[in-house]
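Remarks on the structure that follows.
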Protein chains: 2
Amino acid sequence: MQQEPPTDRSGFRFTPLVVVELASNIKEETIAWLLSRIRDQQQNGGAELFAEQLGPSVEAQEKENPNVFLVWASWQRLLSGAEDVGLFKEYNDGSMRGFTRANKHNFKDFKGKVRHDLSDANLRTAPQHFMPLSYFQQEKYSERAVLLRRLLSKGLLVQIFPLHEKEELKRLSFSWYKKVKLSLQPLDDIRHYYGEGQALYFGFLEYFTFALVPMALIGVPYYLFDWEDYDKYVVFAVFNLIWCTVILELWKRFSASLAYRWGTLSRKKAFEEPRPGFHGVLGFNPVTGREEPVYPTAKRHLRIYLVSLPFVLLCLYLSLYVMMIYFQMEGWALSVHDEDPTFWTGILLFIPSIIYAVVIEIMNLIYRYAAEFLTEWENHRLESSYQNHLVLKVLVFNFFNCFASLFYIAFVMQDMVLLRQSLATLLITSQILNQFMEAFLPYWLQRRRNKKMIRKVQKKRTLEDKELPLVEQVRLEADMSTYLGTFDDYLELFLLFGYVSLFSCVYPLAAVLVVLNNITEVYSDAFKMCQVFKRPFSDPAANIGVWQLAFEAMSVIAVVTNCALIGMSPQVKAYFPESETQLILWTVAIEHGLLAFKFILTFLIPDIPKHIQIKLSRLEFESLEALKKKPKKKPQTLKREPSDGYCPV
Amino acid sequence: MQQEPPTDRSGFRFTPLVVVELASNIKEETIAWLLSRIRDQQQNGGAELFAEQLGPSVEAQEKENPNVFLVWASWQRLLSGAEDVGLFKEYNDGSMRGFTRANKHNFKDFKGKVRHDLSDANLRTAPQHFMPLSYFQQEKYSERAVLLRRLLSKGLLVQIFPLHEKEELKRLSFSWYKKVKLSLQPLDDIRHYYGEGQALYFGFLEYFTFALVPMALIGVPYYLFDWEDYDKYVVFAVFNLIWCTVILELWKRFSASLAYRWGTLSRKKAFEEPRPGFHGVLGFNPVTGREEPVYPTAKRHLRIYLVSLPFVLLCLYLSLYVMMIYFQMEGWALSVHDEDPTFWTGILLFIPSIIYAVVIEIMNLIYRYAAEFLTEWENHRLESSYQNHLVLKVLVFNFFNCFASLFYIAFVMQDMVLLRQSLATLLITSQILNQFMEAFLPYWLQRRRNKKMIRKVQKKRTLEDKELPLVEQVRLEADMSTYLGTFDDYLELFLLFGYVSLFSCVYPLAAVLVVLNNITEVYSDAFKMCQVFKRPFSDPAANIGVWQLAFEAMSVIAVVTNCALIGMSPQVKAYFPESETQLILWTVAIEHGLLAFKFILTFLIPDIPKHIQIKLSRLEFESLEALKKKPKKKPQTLKREPSDGYCPV
């Protein structure tokens, strides 16, 4: 079967928006219903898109799934979609405005760049935008709920994904990671190809790396010239304190600049549809008045506070318990080694650390599944709220798992040498693991896959020259791994930030290691995004969301730990030779002062740079003025005689 | 000269909007220019209002100022003004919407209540709305700047004020404070007559009083049954801690409900014009593009950080210095008394406290002037920013002045008996002073004024029956005191909140005293608002603004002091008999935990109650939907053949 790609009157050429893969054993009627929903006009409750079945590949195998569909949109549909999504674009006067079809020609470079954008990243924001529930309004909710939910959650809908654009991808990957250079990442191109959420992650990664450079520069001489006699670290701790407050504040401003340039800063959030997994008694949404499942908030709160919260606390307790066992094992191994040191007891010394590291990894893994299950079970209506609760759960546990032993060593055992050792071990092993999991493994997998592809295509070489045919591309990309979002990437950065900000004053080389790690991270992440994963749906983020909060919480904790480390340093202790109480009281007083100063600083530094603030106010002012002028008829000024005898004097 | 009050075609009867009093020695041309500005149509740059000179009063005296003008507006002008101001009113469907003339009849009870509202409190929001700079656009800025600034700041414009409405005021004052009752204040009526800012203050006062009742109820048995042996206060301190966090969070929700009901919650702020005192080089406002004075932010920052900040710090140091002198004096008096106790030395014991109290009052007074001068000199463009900086300066100093001695007694001298004494003395004296200044003095002044008025009117009794003629009313109200805003009222509440939350665990009767004080405060404030002051311009506030922040900062400090007091209690000290260090570390750890819990609580409790949140989202959703539908033409679905040979397979 040969497909004809729709082209518009304006001669605009379309690449398919997305590929939809249904389960191979799905019923014919279901397919027919779904296709009619996709193809029907909007007034009939359809999505008004084109959908065609993908033909068999060159050497069709038995097991190949026939239910793969390509979905296109007409030019008009793209424009209306851009309006629906609330797309912001650069206007003729240089400001960013919400796109409307009515004044589309007033947008800068509408003929060229904007047209391309519309068909590109911006309509592929999320599967919900491509096939939102609201397009199926005419159907009774009960019917389509059954069908759509079976499609989405029971595995009948295998996947929906946008296709890579080979040419653009080649250009992007060249400027991003293939050439050896000392320039910045092409954030605008990344944003253009992958969307704002991705680009903000890479922007943050880059920013974080640069922010670490001063720390690293101070850390190197500390290490080289043997300044690390554990009591010179007061200077470093103070620097740490100021550093982590300031960089987070500045990031907010930088992020606001990026988001403004990309048009997501002042974008109005469209009404959020419920997430696919959300279920409940059929009722009416109080906001939209539409039929949809309703689940009482009180019930969700009960689940959160009576089940999830105790579970998390239990896990934290377990994690602490495991940590205590580790310290006991280490103590035991040490005593065995001290009693009768042989080669085997020497090896025994390493056993507890290795076991602990493995157990931590296993616990993290199990906990992650449990957290996902629990958050799913809490039955959040919005994807964003689901994500926030999941991030919070995973974050707290990972923080505990990774840092509890360091806290114990630092503040209970007060053993700075051991702290330094543990920090270095943890940092280096986690980096090696990461590099292996994130760079070498994907690279190896990709090479294997490439070989398979080359073998396949070689048989067809004679038919076409160079260009991989669409069918092959679709089949190939359907097999690629699915990108699971920036969650794990941010989590890794969060933990690295923790190592640097909490304890790096006792191990100044940490910043250097993290900088090196981040540089390879940029390249390996870029490689994965371009070569290993299916193209993800882009998400129009205006900031890094809940992660900003997480990093700020970490920086508050860093103030506390750094103050405590300063108070525990021999240097400072020397000032209070007679009274430990005085020392502690002073430390606490200074810590409170610093915390207060930090909060004042957060207030004083505006989150949005002034020039952007002015542009935003101008937009708002203009829209207010426009609103005023619209219905204003010339007011009548009457000079009539008073109609009643009211006399003011 | 007899004025004819303008009435509208619709037979709507007007009371004058405002009274404008110009200096008696102002030039005729200036008056003529100003009147033409007020009377001209808007397209000519005028304000399109009616203005008439007030005639002489019954027994015109030599010194009576002839330059008093009454200003009216036509019905159409009121409607357009309501739009300009961004008035929110209840719509037919029960939601609150921005008023527009186009759909005025869709507002609930438009014929009755809304019509009245429009002419009433809502247009009298501020002098800027009545005579905004933007109405004088046609004039060159330089010209009108000179004229208006001379008018406003050089004292040529004596005052602008709205008139009281006798009938309504009588009704309001009766339901507010004249009848002895146990019901709540008529907040809606207060808001209707005085505006949202006033009503929120009285709402907060009432809320704060009720919130204190549990504290007072616990405090009374403490006092009666002699529980106050200074080490039972742990329970009270813990209760204090939770109490002050929770009530502030709940107030936010309550205040949001009030603001929603009054239509200020989702109201869009109109563009703020520069405040009258603002000066600078003539330039263009980057937001509006209009000509106006421009003053570089960097320069203002320099003034704030290099002059104002050091000045404030210096004052704080001075305040501390005075406090230390006071303690020295007290020590000296005590030693003199102890050496040779006579009647005179007994009196001498009181001298330091009295001197200190007087000096504090004087310092507060001088500082207040200095703060106003400095904030004026910082040259803020916006009235709101001026207010915030002034509040911050005065707040910090007052906090220091009032609480520094208590902090010193509690944490340096660690003398709980003295702390209790000082707290009681401070609280009781400040309340007696307040009651005198706020209730008896105004009452006495008012009685004197009433007598004068009665004498005046009696001579005219024969002419009219009962109703005071407008001319007399205007002359009378022009002589009334000007209400200076809620600043001092909030400041008083803030200090009372401080006494209760910071230290009341050592003097549990504090809450009882504050409750009693607040009850009389309601009555005396209500009396002042209705009888003593000119009717103030209403300000459409959505919350208590910077004061919310101030109270929250106080509640954070309260956590710290209460934890410290708990840690210092003999009860707790008994748990750590061997090590003071352990005690302090535990106290600090618990304090950090409580602070963290407090911040988490702030996040967990939503600032806006759910049912209002739903209404707001529905409004937003509807406006988004409306935006979508407006320009949507039926998308063309083309079934053309592809125009070029692009083939997807």
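Naming works like this for the structure tokens: A, B, ... for the chains as they're shown, residue 1 at the start of each chain, ligands 1 onward in shown order.
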
Exercise. Which polymer residues have any atom within 8 Å of an atom of stretch 325-329 of chain B, counting only C-alpha atoms, with same-chain residues fewer than 6 positions away left out, as a VMD selection string?
Worked result: chain B and resid 352 to 353 356

Store the residues of this selection in a file with all heavy atoms, as a tab-separated table (two decimals), in the first residue's frame.
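The result, written out as result.tsv:
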```
chain	number	residue	atom	x	y	z
B	352	PRO	N	15.08	54.97	86.05
B	352	PRO	CA	15.66	54.47	84.78
B	352	PRO	C	14.60	53.98	83.80
B	352	PRO	O	14.63	54.32	82.62
B	352	PRO	CB	16.58	53.33	85.24
B	352	PRO	CG	16.89	53.61	86.65
B	352	PRO	CD	15.68	54.27	87.21
B	353	SER	N	13.61	53.18	84.28
B	353	SER	CA	12.58	52.64	83.40
B	353	SER	C	11.81	53.76	82.72
B	353	SER	O	11.55	53.73	81.52
B	353	SER	CB	11.59	51.77	84.16
B	353	SER	OG	12.28	50.78	84.87
B	356	TYR	N	13.96	55.50	80.21
B	356	TYR	CA	14.14	54.63	79.05
B	356	TYR	C	12.88	54.64	78.19
B	356	TYR	O	12.95	54.74	76.95
B	356	TYR	CB	14.47	53.21	79.51
B	356	TYR	CG	14.80	52.26	78.38
B	356	TYR	CD1	15.75	52.59	77.43
B	356	TYR	CD2	14.17	51.03	78.30
B	356	TYR	CE1	16.05	51.72	76.41
B	356	TYR	CE2	14.47	50.14	77.28
B	356	TYR	CZ	15.41	50.49	76.34
B	356	TYR	OH	15.70	49.63	75.33
```

Problem set entry | Distance query stretch 599-615 of chain A at most 9 Å, only C-alpha atoms, self and fewer than 3 positions along chain excluded, as a PyMOL selection string | (chain A and resi 95-96+245-246+249-257+260+594-596+618-620) or (chain B and resi 286-287)

Problem set entry | Picked from stretch 219-319 of chain A by DSSP as helix (DSSP H, G or I), as an NGL selection string | :A and (219-224 or 233-261 or 297-319)

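When only C-alpha atoms are used to measure the gap to chain A, the shortest distance among B:Leu470, B:Ala51, B:Leu217, B:Leu495 belongs to B:Leu470.
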
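What separates atom CA of B:Pro536 from atom CA of B:Phe436 is a distance of 23.1 Å.
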
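For the residues B:Phe400, B:Phe202, B:Tyr305, B:Tyr194, ranking by smallest atom-to-atom distance to chain A using only C-alpha atoms places B:Tyr305 first.
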
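Here atom CA of A:Ser538 and atom CA of A:Val158 stand 19.2 Å from one another.
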
Exercise. Got a sec: who's within 9 Å of A:Ile26, counting only C-alpha atoms, leaving out chain neighbours fewer than 5 positions off, as JSON, numbers by chain?
Worked result: {"A": [31, 67, 156, 157]}

For this session: With a distance cut-off of 10 Å and only C-alpha atoms, select the neighbouring residues of B:Leu318, excluding the residue or stretch itself and same-chain residues fewer than 5 positions from it, and output the selection as a PyMOL selection string.
Result: chain B and resi 312-313+323-324+363+401

Need to verify the contact set: B:His592, 10 Å, only C-alpha atoms, exclusion of same-chain residues closer than 2 positions in sequence. Can you return it as a PDB file with N, CA and C atoms, in the first residue's frame?
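What follows is the written file result32.pdb:
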```pdb
ATOM      1  N   VAL A 560      23.838  24.746  56.790  1.00  0.00           N
ATOM      2  CA  VAL A 560      23.891  24.114  58.115  1.00  0.00           C
ATOM      3  C   VAL A 560      25.137  23.243  58.246  1.00  0.00           C
ATOM      4  N   HIS A 592      22.454  31.003  62.071  1.00  0.00           N
ATOM      5  CA  HIS A 592      21.149  31.656  61.926  1.00  0.00           C
ATOM      6  C   HIS A 592      21.273  32.948  61.128  1.00  0.00           C
TER       7      HIS A 592
ATOM      8  N   VAL B 559       9.818  30.969  66.667  1.00  0.00           N
ATOM      9  CA  VAL B 559      10.279  29.586  66.781  1.00  0.00           C
ATOM     10  C   VAL B 559      11.633  29.562  67.480  1.00  0.00           C
ATOM     11  N   VAL B 560      12.519  30.462  67.038  1.00  0.00           N
ATOM     12  CA  VAL B 560      13.869  30.480  67.605  1.00  0.00           C
ATOM     13  C   VAL B 560      13.826  30.821  69.088  1.00  0.00           C
ATOM     14  N   CYS B 563      12.227  28.045  71.243  1.00  0.00           N
ATOM     15  CA  CYS B 563      13.127  26.904  71.412  1.00  0.00           C
ATOM     16  C   CYS B 563      14.213  27.240  72.427  1.00  0.00           C
ATOM     17  N   TRP B 586      20.902  19.392  71.288  1.00  0.00           N
ATOM     18  CA  TRP B 586      19.540  18.881  71.105  1.00  0.00           C
ATOM     19  C   TRP B 586      18.566  20.011  70.825  1.00  0.00           C
ATOM     20  N   THR B 587      18.720  21.101  71.594  1.00  0.00           N
ATOM     21  CA  THR B 587      17.831  22.250  71.379  1.00  0.00           C
ATOM     22  C   THR B 587      17.942  22.751  69.946  1.00  0.00           C
ATOM     23  N   VAL B 588      19.196  22.889  69.483  1.00  0.00           N
ATOM     24  CA  VAL B 588      19.411  23.406  68.130  1.00  0.00           C
ATOM     25  C   VAL B 588      18.827  22.437  67.102  1.00  0.00           C
ATOM     26  N   ALA B 589      19.040  21.144  67.316  1.00  0.00           N
ATOM     27  CA  ALA B 589      18.528  20.155  66.358  1.00  0.00           C
ATOM     28  C   ALA B 589      17.004  20.231  66.270  1.00  0.00           C
ATOM     29  N   ILE B 590      16.365  20.303  67.454  1.00  0.00           N
ATOM     30  CA  ILE B 590      14.898  20.364  67.463  1.00  0.00           C
ATOM     31  C   ILE B 590      14.419  21.661  66.816  1.00  0.00           C
ATOM     32  N   LEU B 594      11.946  22.005  63.704  1.00  0.00           N
ATOM     33  CA  LEU B 594      10.700  22.779  63.746  1.00  0.00           C
ATOM     34  C   LEU B 594      10.650  23.810  62.626  1.00  0.00           C
ATOM     35  N   LEU B 595      11.792  24.456  62.375  1.00  0.00           N
ATOM     36  CA  LEU B 595      11.829  25.442  61.286  1.00  0.00           C
ATOM     37  C   LEU B 595      11.522  24.759  59.957  1.00  0.00           C
ATOM     38  N   ALA B 596      12.148  23.589  59.745  1.00  0.00           N
ATOM     39  CA  ALA B 596      11.900  22.846  58.500  1.00  0.00           C
ATOM     40  C   ALA B 596      10.426  22.474  58.410  1.00  0.00           C
ATOM     41  N   PHE B 597       9.876  22.001  59.526  1.00  0.00           N
ATOM     42  CA  PHE B 597       8.469  21.608  59.554  1.00  0.00           C
ATOM     43  C   PHE B 597       7.573  22.795  59.225  1.00  0.00           C
ATOM     44  N   LYS B 598       7.949  23.953  59.758  1.00  0.00           N
ATOM     45  CA  LYS B 598       7.188  25.172  59.510  1.00  0.00           C
ATOM     46  C   LYS B 598       7.164  25.492  58.014  1.00  0.00           C
TER      47      LYS B 598
END
```

Problem set entry | Who sits within 12 Å of A:Val294, only C-alpha atoms, same chain under 5 positions skipped, as JSON, numbers by chain | {"A": [274, 278, 279, 280, 281, 282, 283, 284, 285, 286, 287, 289, 299, 300, 379, 380, 381]}

Problem set entry | Surrounding residues of B:Glu383 excluding itself and chain neighbours under 2 positions, 6 Å, only C-alpha atoms, as a PyMOL selection string | chain B and resi 275+385-386

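Across B:Thr297, B:Ser175, B:Thr30, B:Ser308, the tightest approach to chain A is made by B:Thr297 when counting only C-alpha atoms.
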
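What separates atom CA of B:Lys451 from atom CA of B:Leu476 is a distance of 12.1 Å.
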
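In this comparison, which uses only C-alpha atoms, the residue of B:Ala510, B:Leu70, B:Leu34, B:Ile544 approaching chain A most closely is B:Leu70.
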
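Among the candidates A:Ala541, A:Ala216, A:Ala357, A:Leu565, the residue lying nearest to A:Val412 is A:Leu565 (atoms considered: only C-alpha atoms).
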
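Distances from A:Gly485, A:Pro310, A:Pro469, A:Gly263 to chain B were compared using only C-alpha atoms, and the smallest one belongs to A:Pro469.
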
Problem set entry | All strand (DSSP E or B) positions in stretch 269-458 of chain A, as an NGL selection string | :A and (281-284 or 291-294)
